[in-house]
Structures are given as structure tokens and as C-alpha cells.
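What's in query13.txt: compact mmCIF, C-alpha atoms
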# COMPACT_ATOMS: atom_id res chain seq x y z
CA GLY N 299 5.23 -21.95 5.87
CA GLY N 300 8.92 -22.80 5.88
CA ASP N 301 12.07 -20.77 6.01
CA ASP N 302 12.20 -18.40 3.07
CA GLY N 303 15.95 -17.97 3.37
CA GLY N 304 16.99 -17.27 -0.19
CA GLY N 305 13.47 -16.45 -1.28
CA GLY N 306 13.68 -18.82 -4.25
CA ALA N 307 10.54 -19.17 -6.36
CA GLY N 308 9.75 -22.55 -4.79
CA ALA N 309 10.35 -21.41 -1.20
CA LEU N 310 7.35 -21.35 1.12
CA ARG N 311 6.50 -17.90 2.37
CA PRO N 312 5.16 -17.08 5.84
CA LEU N 313 1.43 -16.56 6.36
CA TYR N 314 0.62 -12.87 6.21
CA MET N 315 -1.09 -11.54 9.35
CA ASP N 316 0.10 -7.94 9.30
CA VAL N 317 -2.58 -6.12 7.29
CA GLN N 318 -2.29 -2.95 9.39
CA ALA N 319 1.20 -2.45 7.93
CA THR N 320 0.13 -3.01 4.33
CA THR N 321 -2.29 -5.13 2.32
CA PRO N 322 -1.84 -7.16 -0.86
CA LEU N 323 -3.18 -5.64 -4.08
CA ASP N 324 -6.68 -6.93 -4.83
CA PRO N 325 -6.46 -8.65 -8.26
CA ARG N 326 -9.46 -6.57 -9.43
CA VAL N 327 -7.45 -3.44 -8.67
CA LEU N 328 -4.41 -4.64 -10.61
CA ASP N 329 -6.64 -5.38 -13.63
CA ARG N 330 -7.89 -1.77 -13.68
CA MET N 331 -4.37 -0.38 -13.33
CA LEU N 332 -2.59 -2.38 -16.03
CA PRO N 333 -3.75 -0.45 -19.13
CA PHE N 334 -2.44 2.77 -17.58
CA LEU N 335 0.95 1.18 -16.91
CA THR N 336 1.26 0.17 -20.58
CA ALA N 337 -0.61 1.56 -23.63
CA ARG N 338 -2.48 4.42 -21.91
CA PHE N 339 0.55 6.21 -20.52
CA GLY N 340 -0.55 9.80 -21.19
CA ASN N 341 -0.10 12.66 -18.76
CA PRO N 342 -3.55 13.44 -17.33
CA HIS N 343 -2.72 17.16 -17.54
CA SER N 344 -1.94 17.10 -21.29
CA ARG N 345 -4.77 19.02 -22.92
CA THR N 346 -3.97 18.67 -26.61
CA HIS N 347 -4.35 14.97 -27.45
CA ARG N 348 -6.15 11.76 -26.74
CA TYR N 349 -3.40 10.33 -24.52
CA GLY N 350 -3.99 13.15 -22.07
CA TRP N 351 -7.77 13.07 -22.35
CA GLU N 352 -8.12 9.36 -21.62
CA SER N 353 -5.79 9.61 -18.62
CA GLU N 354 -7.66 12.64 -17.32
CA ALA N 355 -10.98 10.82 -17.70
CA ALA N 356 -9.57 7.86 -15.75
CA VAL N 357 -8.26 10.09 -12.93
CA GLU N 358 -11.63 11.88 -12.66
CA ALA N 359 -13.49 8.55 -12.59
CA ALA N 360 -11.17 7.43 -9.78
CA ARG N 361 -11.83 10.69 -7.90
CA ARG N 362 -15.57 9.92 -8.07
CA GLN N 363 -14.96 6.39 -6.72
CA VAL N 364 -12.98 7.69 -3.74
CA ALA N 365 -15.59 10.39 -3.06
CA ALA N 366 -18.46 7.89 -3.22
CA LEU N 367 -16.88 5.70 -0.53
CA VAL N 368 -16.84 8.53 2.02
CA GLY N 369 -19.92 10.51 0.95
CA ALA N 370 -17.94 13.46 -0.44
CA ASP N 371 -18.19 15.61 -3.56
CA PRO N 372 -15.46 14.53 -6.05
CA ARG N 373 -14.14 18.13 -6.07
CA GLU N 374 -13.26 17.67 -2.38
CA ILE N 375 -10.85 14.79 -3.09
CA ILE N 376 -7.18 15.60 -3.73
CA PHE N 377 -4.76 12.82 -4.73
CA THR N 378 -1.55 12.60 -2.68
CA SER N 379 1.30 10.13 -2.23
CA GLY N 380 -0.34 8.56 0.82
CA ALA N 381 -1.73 9.20 4.29
CA THR N 382 1.57 10.59 5.60
CA GLU N 383 1.47 13.39 3.04
CA SER N 384 -2.27 13.90 3.61
CA ASN N 385 -1.74 14.21 7.38
CA ASN N 386 1.11 16.69 6.86
CA MET N 387 -1.00 18.73 4.42
CA ALA N 388 -4.03 18.85 6.70
CA ILE N 389 -2.22 19.78 9.89
CA LYS N 390 0.47 22.13 8.61
CA GLY N 391 -1.74 23.47 5.81
CA VAL N 392 -4.63 24.54 8.04
CA ALA N 393 -2.43 25.78 10.87
CA ARG N 394 -0.35 27.98 8.55
CA PHE N 395 -3.31 29.34 6.60
CA TYR N 396 -5.12 30.58 9.73
CA LYS N 397 -2.03 31.47 11.76
CA SER N 398 -2.68 35.22 11.90
CA ARG N 399 -5.70 34.61 14.17
CA LYS N 400 -5.33 31.09 15.47
CA LYS N 401 -2.28 29.52 17.07
CA HIS N 402 -3.60 26.37 18.78
CA ILE N 403 -4.11 22.74 17.72
CA VAL N 404 -5.55 19.77 19.61
CA THR N 405 -4.62 16.12 18.99
CA THR N 406 -4.20 12.91 20.99
CA GLN N 407 -1.18 11.03 22.31
CA THR N 408 -2.03 7.89 20.33
CA GLU N 409 -2.07 9.39 16.83
CA HIS N 410 0.13 8.04 14.04
CA LYS N 411 3.76 9.25 14.14
CA CYS N 412 3.28 11.57 11.16
CA VAL N 413 0.47 13.45 12.92
CA LEU N 414 2.52 13.84 16.11
CA ASP N 415 5.61 14.87 14.12
CA SER N 416 3.66 17.44 12.08
CA CYS N 417 2.43 18.93 15.37
CA ARG N 418 5.96 18.94 16.79
CA SER N 419 7.24 20.81 13.76
CA LEU N 420 4.45 23.39 14.16
CA GLU N 421 5.45 23.88 17.80
CA SER N 422 8.88 24.96 16.56
CA GLU N 423 7.08 27.55 14.36
CA GLY N 424 5.38 29.02 17.44
CA PHE N 425 2.07 27.14 17.49
CA GLN N 426 0.73 25.62 20.70
CA VAL N 427 -0.39 22.00 20.67
CA THR N 428 -2.46 20.12 23.25
CA TYR N 429 -1.75 16.37 23.19
CA LEU N 430 -4.80 14.84 24.87
CA PRO N 431 -4.28 11.70 26.92
CA VAL N 432 -6.61 8.77 26.24
CA LYS N 433 -8.50 6.64 28.74
CA LYS N 434 -7.34 3.12 29.70
CA ASN N 435 -9.50 1.73 26.88
CA GLY N 436 -7.71 3.91 24.31
CA LEU N 437 -10.64 6.28 23.71
CA VAL N 438 -10.41 10.03 24.02
CA ASP N 439 -12.46 11.68 26.79
CA LEU N 440 -14.96 13.96 25.04
CA LYS N 441 -15.24 16.30 28.05
CA GLU N 442 -11.46 16.77 28.10
CA LEU N 443 -11.50 17.36 24.35
CA GLU N 444 -14.15 20.06 24.64
CA ALA N 445 -12.36 21.66 27.60
CA ALA N 446 -9.13 21.83 25.57
CA LEU N 447 -10.71 24.01 22.86
CA ARG N 448 -9.85 27.70 22.94
CA PRO N 449 -10.99 30.72 20.90
CA ASP N 450 -7.70 30.48 18.97
CA THR N 451 -7.92 26.74 18.21
CA SER N 452 -7.86 26.18 14.45
CA LEU N 453 -7.82 22.38 14.22
CA VAL N 454 -8.58 19.16 16.09
CA SER N 455 -6.93 16.02 14.70
CA VAL N 456 -8.12 12.63 16.00
CA MET N 457 -7.71 9.37 14.08
CA THR N 458 -10.74 7.19 13.30
CA VAL N 459 -9.25 3.71 13.88
CA ASN N 460 -5.94 3.23 15.67
CA ASN N 461 -3.31 1.29 13.69
CA GLU N 462 -1.83 -0.49 16.72
CA ILE N 463 -4.75 -1.42 18.95
CA GLY N 464 -7.71 -1.04 16.57
CA VAL N 465 -9.86 1.17 18.81
CA LYS N 466 -12.45 3.32 17.08
CA GLN N 467 -12.64 6.89 18.37
CA PRO N 468 -16.07 8.56 18.79
CA VAL N 469 -15.60 10.51 15.56
CA HIS N 470 -19.30 11.39 15.29
CA GLU N 471 -19.32 13.12 18.68
CA ILE N 472 -15.97 14.83 18.06
CA GLY N 473 -17.35 16.21 14.78
CA GLU N 474 -20.37 17.64 16.63
CA ILE N 475 -18.17 19.29 19.28
CA CYS N 476 -15.84 20.83 16.68
CA ARG N 477 -18.69 22.14 14.54
CA ALA N 478 -20.37 23.70 17.60
CA HIS N 479 -17.11 25.50 18.46
CA LYS N 480 -16.35 26.43 14.83
CA VAL N 481 -13.06 24.49 14.89
CA PHE N 482 -12.00 22.40 11.90
CA PHE N 483 -11.92 18.63 12.46
CA HIS N 484 -9.31 16.44 10.75
CA THR N 485 -9.29 12.66 11.03
CA ASP N 486 -6.64 10.20 9.85
CA ALA N 487 -8.95 7.50 8.47
CA ALA N 488 -6.27 5.37 6.78
CA GLN N 489 -7.19 2.30 8.86
CA ALA N 490 -10.95 2.90 8.64
CA ILE N 491 -12.08 3.75 5.13
CA GLY N 492 -13.30 0.76 3.15
CA LYS N 493 -13.49 -1.26 6.36
CA ILE N 494 -16.20 0.53 8.37
CA PRO N 495 -18.77 3.04 7.08
CA VAL N 496 -17.35 6.58 7.00
CA ASP N 497 -19.45 9.56 5.89
CA VAL N 498 -17.88 13.00 6.00
CA ASN N 499 -21.20 14.85 6.28
CA ASP N 500 -22.77 12.55 8.80
CA MET N 501 -19.62 12.67 10.96
CA LYS N 502 -19.01 16.40 10.35
CA ILE N 503 -15.45 15.76 9.16
CA ASP N 504 -13.69 18.75 7.56
CA LEU N 505 -10.44 17.07 6.50
CA MET N 506 -9.66 13.37 6.16
CA SER N 507 -6.58 11.35 5.22
CA ILE N 508 -6.82 8.23 3.06
CA SER N 509 -4.18 5.64 2.10
CA GLY N 510 -4.23 3.28 -0.89
CA HIS N 511 -2.17 0.40 0.46
CA LYS N 512 -4.32 -0.11 3.57
CA VAL N 513 -7.36 -0.93 1.40
CA TYR N 514 -5.86 -3.46 -1.05
CA GLY N 515 -4.77 -0.68 -3.40
CA PRO N 516 -1.26 0.26 -4.59
CA LYS N 517 1.47 1.74 -2.40
CA GLY N 518 2.55 5.33 -3.00
CA VAL N 519 -0.91 6.83 -3.41
CA GLY N 520 -3.52 8.28 -1.08
CA ALA N 521 -5.94 11.18 -0.89
CA ILE N 522 -7.01 14.02 1.32
CA TYR N 523 -10.63 15.10 1.63
CA VAL N 524 -10.96 18.89 2.06
CA ARG N 525 -14.46 20.23 2.76
CA ARG N 526 -15.93 22.92 0.47
CA ARG N 527 -18.90 24.00 2.64
CA PRO N 528 -18.10 25.37 5.18
CA ARG N 529 -14.93 25.96 3.22
CA VAL N 530 -11.61 24.82 4.61
CA ARG N 531 -8.54 26.65 3.32
CA LEU N 532 -5.01 25.31 3.50
CA GLU N 533 -1.58 26.43 2.51
CA PRO N 534 -0.08 23.89 0.06
CA LEU N 535 3.18 22.17 1.02
CA GLN N 536 4.35 21.64 -2.53
CA SER N 537 4.85 24.36 -5.14
CA GLY N 538 4.59 23.74 -8.86
CA GLY N 539 2.16 23.64 -11.76
CA GLY N 540 -0.92 24.04 -9.62
CA GLN N 541 -2.47 20.61 -10.17
CA GLU N 542 -5.16 19.28 -7.81
CA ARG N 543 -6.83 22.68 -7.31
CA GLY N 544 -3.44 24.23 -6.51
CA LEU N 545 -3.19 22.20 -3.30
CA ARG N 546 -0.88 19.46 -4.55
CA SER N 547 1.30 20.30 -7.55
CA GLY N 548 2.89 17.51 -9.53
CA THR N 549 1.62 15.15 -12.21
CA VAL N 550 -1.05 12.87 -10.79
CA PRO N 551 0.20 9.28 -11.35
CA THR N 552 -2.71 7.90 -13.40
CA PRO N 553 -2.14 4.17 -12.69
CA LEU N 554 -1.90 4.78 -8.94
CA ALA N 555 -4.95 7.07 -8.83
CA VAL N 556 -6.91 4.51 -10.88
CA GLY N 557 -5.77 1.82 -8.42
CA LEU N 558 -6.92 3.86 -5.41
CA GLY N 559 -10.29 4.48 -7.08
CA ALA N 560 -10.75 0.81 -7.94
CA ALA N 561 -9.76 -0.23 -4.39
CA CYS N 562 -12.36 2.17 -2.95
CA GLU N 563 -15.07 0.87 -5.27
CA VAL N 564 -14.27 -2.77 -4.45
CA ALA N 565 -14.17 -1.93 -0.73
CA GLN N 566 -17.60 -0.32 -0.95
CA GLN N 567 -19.04 -3.44 -2.61
CA GLU N 568 -17.32 -5.86 -0.22
CA MET N 569 -17.54 -3.90 3.04
CA GLU N 570 -20.42 -5.81 4.60
CA TYR N 571 -19.06 -9.22 3.57
CA ASP N 572 -15.49 -8.35 4.62
CA HIS N 573 -16.65 -7.07 8.01
CA LYS N 574 -18.63 -10.22 8.74
CA HIS N 575 -15.76 -12.48 7.59
CA ILE N 576 -13.14 -10.53 9.56
CA SER N 577 -15.29 -10.35 12.73
CA LEU N 578 -15.80 -14.12 12.73
CA LEU N 579 -12.09 -14.82 12.27
CA ALA N 580 -11.08 -12.26 14.92
CA ASP N 581 -13.49 -13.80 17.43
CA ARG N 582 -12.13 -17.24 16.60
CA LEU N 583 -8.54 -16.09 17.13
CA VAL N 584 -9.18 -14.34 20.45
CA THR N 585 -11.47 -17.03 21.87
CA LYS N 586 -9.09 -19.88 21.03
CA ILE N 587 -6.00 -18.15 22.39
CA MET N 588 -7.65 -16.91 25.57
CA SER N 589 -9.31 -20.24 26.33
CA GLN N 590 -5.98 -22.07 26.19
CA VAL N 591 -3.49 -19.59 27.58
CA PRO N 592 -3.85 -17.77 30.93
CA ASP N 593 -2.68 -14.17 31.52
CA VAL N 594 -3.44 -12.78 28.08
CA VAL N 595 -4.64 -9.17 27.93
CA MET N 596 -6.44 -7.60 24.99
CA ASN N 597 -5.25 -4.02 24.54
CA GLY N 598 -7.88 -1.37 23.81
CA ASP N 599 -11.64 -1.26 24.23
CA ARG N 600 -13.48 -4.55 23.62
CA GLU N 601 -16.57 -2.87 22.10
CA HIS N 602 -15.52 0.29 20.26
CA ARG N 603 -13.06 -1.22 17.84
CA TYR N 604 -12.39 -2.44 14.34
CA PRO N 605 -12.25 -6.23 14.70
CA GLY N 606 -9.46 -6.84 12.16
CA CYS N 607 -6.78 -5.41 14.47
CA VAL N 608 -6.19 -7.55 17.55
CA ASN N 609 -3.43 -6.51 19.95
CA LEU N 610 -2.71 -9.05 22.70
CA SER N 611 -0.17 -8.95 25.53
CA PHE N 612 1.16 -12.32 26.71
CA ALA N 613 2.42 -11.77 30.26
CA TYR N 614 5.92 -13.09 31.09
CA VAL N 615 6.85 -13.51 27.41
CA GLU N 616 9.11 -11.08 25.53
CA GLY N 617 7.16 -10.00 22.43
CA GLU N 618 10.29 -9.96 20.28
CA SER N 619 11.16 -13.56 21.13
CA LEU N 620 7.60 -14.66 20.40
CA LEU N 621 7.76 -12.91 17.00
CA MET N 622 11.03 -14.68 16.24
CA ALA N 623 9.57 -18.03 17.29
CA LEU N 624 6.56 -17.44 15.03
CA LYS N 625 8.79 -16.89 12.03
CA ASP N 626 6.41 -18.65 9.63
CA VAL N 627 3.69 -16.11 10.40
CA ALA N 628 4.20 -12.46 9.48
CA LEU N 629 3.16 -10.52 12.59
CA SER N 630 4.37 -7.41 14.36
CA SER N 631 4.52 -5.92 17.81
CA GLY N 632 2.92 -2.62 16.91
CA SER N 633 3.60 -0.31 14.03
CA ALA N 634 6.10 -0.90 11.25
CA CYS N 635 7.24 2.71 11.57
CA THR N 636 8.56 2.22 15.09
CA SER N 637 9.38 -1.51 15.04
CA ALA N 638 13.01 -0.70 14.31
CA SER N 639 13.42 0.69 17.83
CA LEU N 640 13.11 -1.51 20.89
CA GLU N 641 11.21 1.17 22.79
CA PRO N 642 7.80 -0.13 23.82
CA SER N 643 4.95 1.32 21.80
CA TYR N 644 3.95 4.87 22.76
CA VAL N 645 0.33 3.89 22.07
CA LEU N 646 0.47 1.17 24.72
CA ARG N 647 2.22 3.56 27.09
CA ALA N 648 -0.60 6.08 26.56
CA ILE N 649 -3.27 3.56 27.56
CA GLY N 650 -1.33 2.85 30.76
CA THR N 651 -0.04 -0.62 29.88
CA ASP N 652 2.70 -1.78 32.28
CA GLU N 653 6.15 -1.61 30.71
CA ASP N 654 6.56 -5.42 30.89
CA LEU N 655 3.17 -6.06 29.27
CA ALA N 656 3.90 -3.47 26.58
CA HIS N 657 7.02 -5.45 25.68
CA SER N 658 4.98 -8.65 25.40
CA SER N 659 2.39 -7.42 22.91
CA ILE N 660 1.69 -8.87 19.46
CA ARG N 661 -0.59 -7.37 16.83
CA PHE N 662 -2.62 -9.78 14.72
CA GLY N 663 -4.03 -8.33 11.50
CA ILE N 664 -6.97 -10.05 9.83
CA GLY N 665 -8.03 -8.97 6.37
CA ARG N 666 -10.09 -9.67 3.27
CA PHE N 667 -7.93 -12.61 2.17
CA THR N 668 -7.23 -14.17 5.57
CA THR N 669 -8.57 -17.73 5.83
CA GLU N 670 -9.84 -19.81 8.74
CA GLU N 671 -6.91 -22.21 8.22
CA GLU N 672 -4.44 -19.35 8.56
CA VAL N 673 -6.06 -18.21 11.80
CA ASP N 674 -6.07 -21.75 13.22
CA TYR N 675 -2.43 -22.29 12.28
CA THR N 676 -1.43 -18.95 13.84
CA VAL N 677 -3.37 -19.75 17.03
CA GLN N 678 -1.84 -23.22 17.33
CA LYS N 679 1.74 -21.94 16.84
CA CYS N 680 1.14 -19.00 19.14
CA ILE N 681 -0.16 -21.15 22.00
CA GLN N 682 2.69 -23.64 21.54
CA HIS N 683 5.41 -20.98 21.67
CA VAL N 684 3.88 -18.95 24.51
CA LYS N 685 3.80 -22.10 26.64
CA ARG N 686 7.37 -22.98 25.66
CA LEU N 687 8.73 -19.50 26.34
CA ARG N 688 6.92 -19.29 29.67
CA GLU N 689 8.41 -22.59 30.81
CA MET N 690 11.82 -21.02 30.24
CA SER N 691 10.90 -17.88 32.18
CA PRO N 692 11.94 -17.54 35.82
CA LEU N 693 9.25 -14.86 36.26
CA TRP N 694 6.53 -17.28 35.16
CA GLU N 695 7.86 -19.84 37.63
CA MET N 696 7.76 -17.33 40.49
CA VAL N 697 4.20 -16.31 39.62
CA GLN N 698 3.11 -19.96 39.60
CA ASP N 699 4.61 -20.22 43.09
CA GLY N 700 2.35 -17.37 44.20
CA ILE N 701 4.98 -14.62 44.36
CA ASP N 702 3.75 -11.11 43.59
CA LEU N 703 6.36 -9.71 41.18
CA LYS N 704 5.36 -6.13 41.98
CA SER N 705 6.43 -6.63 45.61
CA ILE N 706 9.96 -7.73 44.74
CA LYS N 707 12.84 -5.29 45.30
CA TRP N 708 15.25 -6.11 42.47
CA THR N 709 18.86 -5.20 43.28
CA GLN N 710 21.36 -4.03 40.71
CA HIS N 711 24.47 -6.19 41.10

Will you turn the file into C-alpha cells for me?
Amino acid sequence: GGDDGGGGAGALRPLYMDVQATTPLDPRVLDRMLPFLTARFGNPHSRTHRYGWESEAAVEAARRQVAALVGADPREIIFTSGATESNNMAIKGVARFYKSRKKHIVTTQTEHKCVLDSCRSLESEGFQVTYLPVKKNGLVDLKELEAALRPDTSLVSVMTVNNEIGVKQPVHEIGEICRAHKVFFHTDAAQAIGKIPVDVNDMKIDLMSISGHKVYGPKGVGAIYVRRRPRVRLEPLQSGGGQERGLRSGTVPTPLAVGLGAACEVAQQEMEYDHKHISLLADRLVTKIMSQVPDVVMNGDREHRYPGCVNLSFAYVEGESLLMALKDVALSSGSACTSASLEPSYVLRAIGTDEDLAHSSIRFGIGRFTTEEEVDYTVQKCIQHVKRLREMSPLWEMVQDGIDLKSIKWTQH
């Protein structure tokens, strides 16, 4: 890719390797959406004419497609504006509904910002929240989780796949523990559904958040799964006409819901193929980089992970400068939500990454449409620039001379 300065039609665009931030729309999804953006524009809640009926039928078909992907009953799927809204609804909704008897929530320190922020806002309402640390490999300690549960715990919220380091939490076991203690279990599965098998009954999940634009669907739409048996009650965040079983008022945007449904159906059909394709490319990327560059650390567990999210730390290289050097590849150094601040990622801090290594991390996202050529180009550029930046680094020079940087007493002049 070249410099897309003015972004003219003929300008080359960077390769896209940031699928954890967002994914392109699958063309099959766009095809299903188009009629509802043009001729079939009816309000799905209009009961008196064909425009309403056909939109309602399309929304219900989409609800069945989403439900089928996660093994749910369609009546348990509520359309929302995305995983942020779903996470807010699950955490605040359950906490507030059961607040007369239960005042405690358990989550982890590596959750998505919107989960942590929802918990923070509940703390200001008088709830108590336990933020569980994770082990060095990014996984939650099941014994600590069980020990954190109290008689007044209403909810445990642990994400399925982490958006920064790709580790896969032991959701199955967490579901068992929560069910045994009669505590509701919520999981933010935005980075997992459509990519790895997720079954709400098998995993004993009570609430689950889903996002459209992480699975090659449109932006601005998502869903929340809310279990019917044993029944989970929540207090709605939004007041209005009582759509979506009274849990999420507001007109359901037919084209977006249809897009989410289509994306879930396509993901179900392609899951095995995608997983194989992505695993091969991820292996290729990691093997090539690590065989040619010393002092590269892979963040997060090597086994329990989703392969399409690879987070590497390149010692003695500032992550930001590597990103700038790799300007013809779209990459990031963690999550888009926090990339505006130069603070190192709180996820990396939670897994005990040294401050300097946390600043030198790059996240590589590999998805359905990533090609072998794109991976090879990214690897080649990455190796080239890491070597170049290290040659400019006095720290690298000192390490080559056998100096232990940890032993140095730096003075402030």
C-alpha cells in the first residue's frame, strides 16, 4: 500500500490487519440488507399494512439466525445498538433488578472498558464490585472466582475472548460454578461468536453480549441474549414503546437487524473454514516473526486463545513508532477505545507485563478476508522496521553488550 494522503479514489489503501477493532461487511450480508434500505422501508412495529408485516417478518427471521448461532431460543434474543449497550443492559439491568437482596458483582480486571465502567457506575449507586486479577497467561483463576462469590452476589461477568490479547476464558467452568451457586453469569462474547463455537446451554450462560461489526455485519447493531429458564430479569435502561419484550424500547432498525442475522448465518456456515484459514495464517505470522527477530514476547496464553488475535511485544522498540513505521498496514497497539491515550494497556498491566514491554506491543488481527500475501507483507515490513528501530536504540546496544537494564540506576538530570 502507499500513502493514502488525500484518499483519492485511485490512492492505495493500507492492508487491513485490525479486525478486532471492526471488520468489513461481508458482501453476502450487504446483499440481504439492501432491500430493507430501499423499497422495504416499513416500520417492523406497524401492524396495519404490508410494509410493517414484511419488515417484522425479516426482523423475526434475523432473530432466529442469531439464536441459532448460539443455541438459544429466538425469544431470548433482544436487538440492541451493539455490545456496549448489551454490556450496560446486562450489568446494570440485573444489578438494579435484584438490588433489594443482592448488592455484589464479580468481574475481571481485563474486561472491555464498557463492562468496567458499568461496574464503576454501580459502585457509585452503592453496589460492591470485586475485580478479579488474572494470571500471567491472562486467564482467570477459577478457585479465586469461586472464593469471591457471596450469598449476596447477583452477577458474574467474564468475557469469552479478550479483544486485546485473544485469550479464551474457561467459560464452561465459570458457567458451572455460577449455576452451582445460583449466581447469574454474563459473558461479553463480542469477539467470540461466529469465530468459535458458543452454546448458551452447554456453557450455562445466562446473559451474553453480541456485536454486529465484529462478525462482518453492520456497525450500530448488536444483541443481548437473556435466558428464559431459569428466568433472568433485568431493569431496562431505555423507556419507551415497550419494543423487544419491554427490555429495549425504540424502533428496531430492520436493515441492521437483518444484517446481524445474515452475518450470524454466514458465520455459522463458514466457522470451520474460517478457523482453519485463520489458524494457519496466525501460525505463519508468529513463526516467521519469531524465527527472524529475537526478544519477541507473545502476550497471553499460547493454548487457550482465539488464533486471529496475536499480540506481540518487541523489546526495545516503542510500539507507537513501530505503528507509524508500518503505515501501509493498519494495525493497533491494543484497543481502539483506549488508543487515544498513551497509557499502556490496562489488559497488559493486568497480566503483569513490564511497563516497557507493554509500550512495545502490537496487535495483529487476522480475519476471514486476510490473505497469505498480506501476512507475508506485514511480516516482512515488521521485521525490517523492528531491526531498524533497534539499531537506533541505545537500550538495544547496551543489551547486546551484555548490560542488564534492570540493574541500572537511572538518574534524573

- Message: Taking all atoms listed in the file into account, name the residue in N:Val465, N:Val327, N:Leu583, N:Val404 that is nearest to N:Lys434.
- Response: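 The shortest atom-to-atom distance to N:Lys434 comes from N:Val465.
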
- Message: Which residues are near N:Val595? Cut-off 7 Å, all atoms listed in the file, ignore same chain within fewer than 6 positions. Put them as a list of chain:residue names.
- Response: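 The contact residues come out as N:Leu610, N:Ser611, N:Phe612.
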
- Nearest-residue call for N:Asn597, choices N:Ala648, N:Val392, N:Leu558, N:Leu453, using all atoms listed in the file: N:Ala648

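The two atoms in question, atom CA of N:Thr406 and atom CA of N:Ile472, are spaced 12.3 Å apart.
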
- Message: Is it possible to get the residues within 12 Å of (8.8, -17.0, 27.5) (coordinates as in the file, counting all atoms listed in the file) written as a ChimeraX atom specification?
- Response: /N:612-623,657-658,680-695

- One decimal, Å: what's the distance from atom CA of N:Met596 over to atom CA of N:Trp708, could you say?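 Distance reported for this atom pair: 27.9 Å.
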
- Query: Pick the closest to N:Thr669 from N:Asp702, N:Asp329, N:Arg582, N:Pro592: which is it, counting all atoms listed in the file?
  - Reply: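 The answer is N:Arg582, which sits nearest to N:Thr669.
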
- Two-atom distance - atom CA of N:Asp316, atom CA of N:Glu641 (Å): 19.7 Å

Can you give me N, CA and C atoms for stretch 311-327 of chain N, written as a JSON list (two decimals), in the frame of the given file?
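As a result, part-v3.json now contains:
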[["chain", "number", "residue", "atom", "x", "y", "z"],
["N", 311, "ARG", "N", 6.44, -19.20, 1.72],
["N", 311, "ARG", "CA", 6.50, -17.90, 2.37],
["N", 311, "ARG", "C", 5.64, -17.93, 3.62],
["N", 312, "PRO", "N", 5.97, -17.08, 4.61],
["N", 312, "PRO", "CA", 5.16, -17.08, 5.84],
["N", 312, "PRO", "C", 3.71, -16.67, 5.55],
["N", 313, "LEU", "N", 2.80, -17.06, 6.44],
["N", 313, "LEU", "CA", 1.43, -16.56, 6.36],
["N", 313, "LEU", "C", 1.48, -15.07, 6.64],
["N", 314, "TYR", "N", 0.59, -14.32, 6.00],
["N", 314, "TYR", "CA", 0.62, -12.87, 6.21],
["N", 314, "TYR", "C", -0.49, -12.43, 7.15],
["N", 315, "MET", "N", -0.12, -11.98, 8.34],
["N", 315, "MET", "CA", -1.09, -11.54, 9.35],
["N", 315, "MET", "C", -0.73, -10.14, 9.85],
["N", 316, "ASP", "N", -0.34, -9.28, 8.92],
["N", 316, "ASP", "CA", 0.10, -7.94, 9.30],
["N", 316, "ASP", "C", -0.57, -6.88, 8.43],
["N", 317, "VAL", "N", -1.89, -7.02, 8.23],
["N", 317, "VAL", "CA", -2.58, -6.12, 7.29],
["N", 317, "VAL", "C", -2.67, -4.67, 7.74],
["N", 318, "GLN", "N", -2.31, -4.37, 9.00],
["N", 318, "GLN", "CA", -2.29, -2.95, 9.39],
["N", 318, "GLN", "C", -1.06, -2.26, 8.79],
["N", 319, "ALA", "N", -0.01, -3.03, 8.51],
["N", 319, "ALA", "CA", 1.20, -2.45, 7.93],
["N", 319, "ALA", "C", 0.99, -2.17, 6.45],
["N", 320, "THR", "N", 0.48, -3.18, 5.74],
["N", 320, "THR", "CA", 0.13, -3.01, 4.33],
["N", 320, "THR", "C", -0.72, -4.20, 3.92],
["N", 321, "THR", "N", -1.43, -4.05, 2.81],
["N", 321, "THR", "CA", -2.29, -5.13, 2.32],
["N", 321, "THR", "C", -1.83, -5.54, 0.93],
["N", 322, "PRO", "N", -2.15, -6.77, 0.53],
["N", 322, "PRO", "CA", -1.84, -7.16, -0.86],
["N", 322, "PRO", "C", -2.77, -6.40, -1.81],
["N", 323, "LEU", "N", -2.34, -6.27, -3.06],
["N", 323, "LEU", "CA", -3.18, -5.64, -4.08],
["N", 323, "LEU", "C", -4.32, -6.59, -4.42],
["N", 324, "ASP", "N", -5.55, -6.10, -4.40],
["N", 324, "ASP", "CA", -6.68, -6.93, -4.83],
["N", 324, "ASP", "C", -6.52, -7.15, -6.34],
["N", 325, "PRO", "N", -6.66, -8.41, -6.82],
["N", 325, "PRO", "CA", -6.46, -8.65, -8.26],
["N", 325, "PRO", "C", -7.36, -7.78, -9.15],
["N", 326, "ARG", "N", -8.56, -7.43, -8.65],
["N", 326, "ARG", "CA", -9.46, -6.57, -9.43],
["N", 326, "ARG", "C", -8.86, -5.18, -9.61],
["N", 327, "VAL", "N", -8.09, -4.76, -8.61],
["N", 327, "VAL", "CA", -7.45, -3.44, -8.67],
["N", 327, "VAL", "C", -6.32, -3.46, -9.70]]
